[in-house]
Amino acid sequence: IVFEAGEQRVCMVILDLTIVTGDYTDKVRAAIGEQTGLAPEAIMVQATQTHSAPSLGYFMLDPDFPLETTEETEYLRGAERAYGDRAAAAAVEAVVEAVSKLQPVRIGLGRGVLGDLAFNRRGIRRDGTIAMPKPLGREQQPFGIADVCYLEGPMDPEVGVCCVQDMNMQPLAFLLHYTCHPVNAFGYPETYRAVSADWPGAWARQMQQLFGGDTVPLVVNGCCGNINPWHPFDPDCRPDHQRMGRELAQMSERIVHNMAFANDAALDCKMEKVGLPLRDIPTERLRAVNAMLAENPQPPRGENGEVDPHWFRAASTHSVELCRQRDGEFPYEIQAFRIGDLGVIGLPGEPFVEGQLALKTNSAAPFLFPAHLT
């Protein structure tokens, strides 16, 4: 979606992918800028983080990690370049098309709450350790997840809706905001290997059914680093992205029918990078990691061909150390849009929901959509 007011434009690019790396974000911004004139700080690229889709760029291991890969094994770094290049080109084409279709619009904003679709996933066991509750079902857990005493933190129940109408009051596009890991399909054995846009895709499809197939609904997933879509204390809970999408769309429809619309909106954008410290790895842990990688420069595989998880954990730890030695700090890019009374905050990675709630309670904007994984 591209917004324009006077000389200012801002653009939201939201992809049903697991992650978008900084390298690919830079490529997409550069290509969009070359073809449309949009400035880099005016282009926000976000992945919904559905776990049932590819990623855009290598994100599993540090670029300097000494592992040679081929087209058949590059997935070990978390992506396949052929797919990434194709997806990036398609994203650029979508923005160019959006710019070509700019027209006068009215913008409405509203919110509701749904508190039974998302849950904090950091469960505190009775011995004080932390576990992530999983939906194993009553057959495996007849009394529920009885070893979890309570959940560590909150969730964010807000359903945020930005509706863009043409001057005949027909919906053209939506920015839709909710906060939850899109792992319904990924979290269930029968659909673990399925390709799915999960609840963001289901929500978008339901909105098109309600408001017309030509509408463009984009789902802005919030800071869901510690939020999952299954009830930790319901033994009969079954992950269901279609139900999530349906309930979110029903709430969105009620919100739209009760919102006021404005014929103009101020636009602005800012972007800044903040250096974040990288953790120091304990000496004993680093010694064990180096010993394992020295003994196994190539990843050991089990009988089913899957990579030994202990090796991959060691490789990931070594990657953090490589990054720390090379860069010292992690360049964390924070992006902010103003679209009338709506603020959109782009945050890389998987921030916990507590950060999002702090932003909302301290923001001067009447509406705020934090976007993770930008």
# chains A, B, ... in the order shown; residues from 1 in each chain; ligands from 1

$ residues_around --residues "Pro217 in chain A" --least-positions-apart "5" --cutoff "8 Å" --atoms "only C-alpha atoms" --output "list in words"
Ala173, Phe174, Leu175, Leu176, Ala204, Met207 and Gln208 of chain A

$ write_last_selection --atoms "C-alpha atoms" --output "PDB file, in the first residue's frame"
ATOM      1  CA  ALA A 173      -7.416  -1.356   1.228  1.00  0.00           C
ATOM      2  CA  PHE A 174      -6.891  -2.176   4.885  1.00  0.00           C
ATOM      3  CA  LEU A 175      -4.022  -2.117   7.334  1.00  0.00           C
ATOM      4  CA  LEU A 176      -4.966  -4.718   9.949  1.00  0.00           C
ATOM      5  CA  ALA A 204      -6.961 -11.123   4.666  1.00  0.00           C
ATOM      6  CA  MET A 207     -11.799  -9.404   4.605  1.00  0.00           C
ATOM      7  CA  GLN A 208     -11.909  -9.815   0.824  1.00  0.00           C
TER       8      GLN A 208
END

$ residues_around --residues "Pro189 in chain A" --least-positions-apart "4" --cutoff "12 Å" --atoms "only C-alpha atoms" --output "PyMOL selection string"
chain A and resi 134-137+183-185+193-194+238-239

$ write_last_selection --atoms "N, CA and C atoms" --output "PDB file, in the first residue's frame"
ATOM      1  N   LYS A 134       2.769 -26.407  24.554  1.00  0.00           N
ATOM      2  CA  LYS A 134       2.494 -26.861  23.186  1.00  0.00           C
ATOM      3  C   LYS A 134       1.163 -27.607  23.150  1.00  0.00           C
ATOM      4  N   PRO A 135       0.438 -27.494  22.040  1.00  0.00           N
ATOM      5  CA  PRO A 135      -0.899 -28.099  21.947  1.00  0.00           C
ATOM      6  C   PRO A 135      -0.829 -29.577  21.591  1.00  0.00           C
ATOM      7  N   LEU A 136      -0.518 -30.416  22.557  1.00  0.00           N
ATOM      8  CA  LEU A 136      -0.368 -31.847  22.295  1.00  0.00           C
ATOM      9  C   LEU A 136      -1.693 -32.590  22.352  1.00  0.00           C
ATOM     10  N   GLY A 137      -2.740 -31.956  22.853  1.00  0.00           N
ATOM     11  CA  GLY A 137      -4.055 -32.576  22.867  1.00  0.00           C
ATOM     12  C   GLY A 137      -4.310 -33.402  24.113  1.00  0.00           C
ATOM     13  N   VAL A 183       1.692 -19.552  13.773  1.00  0.00           N
ATOM     14  CA  VAL A 183       2.245 -20.915  13.854  1.00  0.00           C
ATOM     15  C   VAL A 183       1.156 -21.966  14.045  1.00  0.00           C
ATOM     16  N   ASN A 184      -0.073 -21.668  13.630  1.00  0.00           N
ATOM     17  CA  ASN A 184      -1.127 -22.670  13.750  1.00  0.00           C
ATOM     18  C   ASN A 184      -0.822 -23.901  12.906  1.00  0.00           C
ATOM     19  N   ALA A 185      -0.524 -23.694  11.631  1.00  0.00           N
ATOM     20  CA  ALA A 185      -0.212 -24.823  10.746  1.00  0.00           C
ATOM     21  C   ALA A 185       1.099 -25.475  11.157  1.00  0.00           C
ATOM     22  N   ARG A 193       4.430 -29.533   7.657  1.00  0.00           N
ATOM     23  CA  ARG A 193       5.185 -29.286   6.427  1.00  0.00           C
ATOM     24  C   ARG A 193       4.341 -28.589   5.353  1.00  0.00           C
ATOM     25  N   ALA A 194       3.185 -28.083   5.721  1.00  0.00           N
ATOM     26  CA  ALA A 194       2.334 -27.375   4.763  1.00  0.00           C
ATOM     27  C   ALA A 194       2.862 -25.961   4.517  1.00  0.00           C
ATOM     28  N   ARG A 238      -6.998 -26.874  19.708  1.00  0.00           N
ATOM     29  CA  ARG A 238      -6.461 -27.322  18.425  1.00  0.00           C
ATOM     30  C   ARG A 238      -6.133 -26.072  17.604  1.00  0.00           C
ATOM     31  N   PRO A 239      -4.887 -25.911  17.170  1.00  0.00           N
ATOM     32  CA  PRO A 239      -4.527 -24.741  16.373  1.00  0.00           C
ATOM     33  C   PRO A 239      -5.412 -24.636  15.133  1.00  0.00           C
TER      34      PRO A 239
END

$ select_by_dssp --residues "range 150-356 of chain A" --states "strand (DSSP E or B)" --output "NGL selection string"
:A and (150-151 or 158-166 or 171-178 or 216-221 or 227-228 or 261-262 or 267-277 or 301 or 307 or 329-339 or 342-347)

$ residues_around --residues "Thr69 in chain A" --least-positions-apart "2" --cutoff "12 Å" --atoms "only C-alpha atoms" --output "JSON, numbers by chain"
{"A": [58, 61, 63, 65, 66, 67, 71, 72, 73, 74, 75, 76, 77, 78, 79, 80, 81, 298, 299]}

$ residues_around --residues "Phe367 in chain A" --least-positions-apart "2" --cutoff "9 Å" --atoms "only C-alpha atoms" --output "list in words"
Leu109, Gly110, Arg111, Gly160, Asp341, Leu342, Gly343, Val344, Lys360, Ser363, Ala364, Ala365 and Phe369 of chain A

$ atom_distance --atom1 "CA of Trp199 in chain A" --atom2 "CA of His241 in chain A"
4.5 Å

$ residues_around --residues "Lys27 in chain A" --least-positions-apart "5" --cutoff "10 Å" --atoms "only C-alpha atoms" --output "list in words"
Gly22, Ile32, Gly33, Asp85, Ala88, Ala89 and Val92 of chain A

$ write_last_selection --atoms "C-alpha atoms" --output "CSV table (one decimal), in the first residue's frame"
chain,number,residue,atom,x,y,z
A,22,GLY,CA,18.5,-6.5,6.0
A,32,ILE,CA,11.5,0.6,-5.5
A,33,GLY,CA,13.3,3.9,-5.2
A,85,ASP,CA,15.3,-13.1,-5.9
A,88,ALA,CA,11.9,-9.6,-4.0
A,89,ALA,CA,11.2,-8.8,-7.7
A,92,VAL,CA,8.9,-4.4,-6.2

$ select_by_dssp --residues "range 5-158 of chain A" --states "helix (DSSP H, G or I)" --output "PyMOL selection string"
chain A and resi 22-36+40-42+74-77+81-100+137-140

$ write_last_selection --atoms "N, CA and C atoms" --output "short mmCIF file (atom, residue, chain, number, x, y, z; two decimals), in the first residue's frame"
data_model
loop_
_atom_site.label_atom_id
_atom_site.label_comp_id
_atom_site.auth_asym_id
_atom_site.auth_seq_id
_atom_site.Cartn_x
_atom_site.Cartn_y
_atom_site.Cartn_z
N GLY A 22 18.13 -7.86 6.27
CA GLY A 22 18.51 -6.50 5.96
C GLY A 22 19.01 -6.34 4.54
N ASP A 23 19.76 -7.33 4.04
CA ASP A 23 20.27 -7.26 2.67
C ASP A 23 19.14 -7.18 1.66
N TYR A 24 18.15 -8.05 1.84
CA TYR A 24 17.03 -8.03 0.89
C TYR A 24 16.18 -6.78 1.06
N THR A 25 16.02 -6.31 2.28
CA THR A 25 15.29 -5.05 2.48
C THR A 25 15.96 -3.92 1.72
N ASP A 26 17.29 -3.86 1.80
CA ASP A 26 18.03 -2.82 1.08
C ASP A 26 17.83 -2.95 -0.43
N LYS A 27 17.85 -4.20 -0.94
CA LYS A 27 17.66 -4.41 -2.38
C LYS A 27 16.26 -3.98 -2.81
N VAL A 28 15.26 -4.37 -2.03
CA VAL A 28 13.89 -4.01 -2.37
C VAL A 28 13.71 -2.49 -2.33
N ARG A 29 14.23 -1.84 -1.30
CA ARG A 29 14.11 -0.38 -1.20
C ARG A 29 14.80 0.30 -2.38
N ALA A 30 15.99 -0.18 -2.73
CA ALA A 30 16.72 0.45 -3.83
C ALA A 30 15.97 0.32 -5.14
N ALA A 31 15.43 -0.86 -5.41
CA ALA A 31 14.70 -1.08 -6.66
C ALA A 31 13.42 -0.25 -6.70
N ILE A 32 12.70 -0.19 -5.57
CA ILE A 32 11.49 0.62 -5.51
C ILE A 32 11.83 2.10 -5.71
N GLY A 33 12.89 2.55 -5.05
CA GLY A 33 13.29 3.94 -5.19
C GLY A 33 13.66 4.30 -6.61
N GLU A 34 14.37 3.39 -7.28
CA GLU A 34 14.78 3.64 -8.66
C GLU A 34 13.57 3.79 -9.59
N GLN A 35 12.52 3.01 -9.32
CA GLN A 35 11.37 3.00 -10.23
C GLN A 35 10.26 3.96 -9.83
N THR A 36 10.24 4.39 -8.58
CA THR A 36 9.13 5.24 -8.12
C THR A 36 9.57 6.55 -7.49
N PRO A 40 14.31 5.61 0.83
CA PRO A 40 14.43 4.38 1.63
C PRO A 40 13.68 4.45 2.95
N GLU A 41 13.74 5.61 3.63
CA GLU A 41 13.07 5.71 4.93
C GLU A 41 11.55 5.72 4.80
N ALA A 42 11.04 5.87 3.58
CA ALA A 42 9.60 5.87 3.33
C ALA A 42 9.08 4.50 2.92
N GLU A 74 22.00 -24.96 0.48
CA GLU A 74 21.98 -23.58 0.99
C GLU A 74 20.85 -23.35 1.99
N TYR A 75 19.88 -24.26 2.01
CA TYR A 75 18.80 -24.14 2.99
C TYR A 75 19.33 -24.16 4.42
N LEU A 76 20.54 -24.70 4.61
CA LEU A 76 21.13 -24.71 5.95
C LEU A 76 21.32 -23.29 6.50
N ARG A 77 21.43 -22.33 5.61
CA ARG A 77 21.55 -20.94 6.03
C ARG A 77 20.19 -20.25 6.13
N ARG A 81 18.35 -18.76 -2.60
CA ARG A 81 18.53 -17.49 -3.31
C ARG A 81 17.56 -17.35 -4.50
N ALA A 82 17.33 -18.44 -5.22
CA ALA A 82 16.46 -18.37 -6.39
C ALA A 82 15.06 -17.89 -6.00
N TYR A 83 14.55 -18.43 -4.91
CA TYR A 83 13.23 -18.00 -4.44
C TYR A 83 13.28 -16.55 -3.97
N GLY A 84 14.32 -16.21 -3.21
CA GLY A 84 14.41 -14.86 -2.68
C GLY A 84 14.43 -13.80 -3.76
N ASP A 85 15.20 -14.03 -4.82
CA ASP A 85 15.28 -13.05 -5.90
C ASP A 85 13.92 -12.90 -6.59
N ARG A 86 13.23 -14.02 -6.77
CA ARG A 86 11.91 -13.97 -7.41
C ARG A 86 10.91 -13.23 -6.53
N ALA A 87 10.90 -13.53 -5.24
CA ALA A 87 9.95 -12.89 -4.33
C ALA A 87 10.24 -11.39 -4.21
N ALA A 88 11.50 -11.02 -4.16
CA ALA A 88 11.86 -9.60 -4.05
C ALA A 88 11.40 -8.84 -5.29
N ALA A 89 11.60 -9.42 -6.45
CA ALA A 89 11.16 -8.77 -7.69
C ALA A 89 9.65 -8.59 -7.71
N ALA A 90 8.92 -9.60 -7.22
CA ALA A 90 7.46 -9.50 -7.19
C ALA A 90 7.01 -8.40 -6.23
N ALA A 91 7.71 -8.25 -5.11
CA ALA A 91 7.37 -7.20 -4.15
C ALA A 91 7.54 -5.82 -4.78
N VAL A 92 8.63 -5.65 -5.52
CA VAL A 92 8.87 -4.37 -6.19
C VAL A 92 7.78 -4.10 -7.23
N GLU A 93 7.42 -5.11 -7.99
CA GLU A 93 6.36 -4.95 -8.99
C GLU A 93 5.05 -4.52 -8.34
N ALA A 94 4.74 -5.08 -7.18
CA ALA A 94 3.50 -4.73 -6.48
C ALA A 94 3.49 -3.26 -6.09
N VAL A 95 4.63 -2.74 -5.64
CA VAL A 95 4.70 -1.33 -5.25
C VAL A 95 4.56 -0.43 -6.47
N VAL A 96 5.23 -0.78 -7.55
CA VAL A 96 5.12 0.01 -8.78
C VAL A 96 3.66 0.06 -9.24
N GLU A 97 2.97 -1.07 -9.16
CA GLU A 97 1.56 -1.11 -9.53
C GLU A 97 0.73 -0.23 -8.59
N ALA A 98 1.03 -0.29 -7.29
CA ALA A 98 0.29 0.54 -6.32
C ALA A 98 0.46 2.02 -6.63
N VAL A 99 1.67 2.44 -6.96
CA VAL A 99 1.92 3.85 -7.28
C VAL A 99 1.11 4.26 -8.51
N SER A 100 1.00 3.36 -9.48
CA SER A 100 0.26 3.68 -10.70
C SER A 100 -1.24 3.81 -10.46
N GLY A 137 -2.74 -31.96 22.85
CA GLY A 137 -4.05 -32.58 22.87
C GLY A 137 -4.31 -33.40 24.11
N ARG A 138 -5.60 -33.71 24.33
CA ARG A 138 -5.99 -34.41 25.54
C ARG A 138 -5.44 -35.83 25.59
N GLU A 139 -5.21 -36.44 24.42
CA GLU A 139 -4.70 -37.82 24.41
C GLU A 139 -3.34 -37.91 25.07
N GLN A 140 -2.46 -36.92 24.78
CA GLN A 140 -1.13 -36.92 25.38
C GLN A 140 -1.09 -36.15 26.70
#

$ atom_distance --atom1 "CA of Asp240 in chain A" --atom2 "CA of His257 in chain A"
26.5 Å

$ closest_residue --among "A:Gly355, A:Glu68, A:Val220, A:Leu172" --to "Ile14 in chain A" --atoms "only C-alpha atoms"
A:Val220
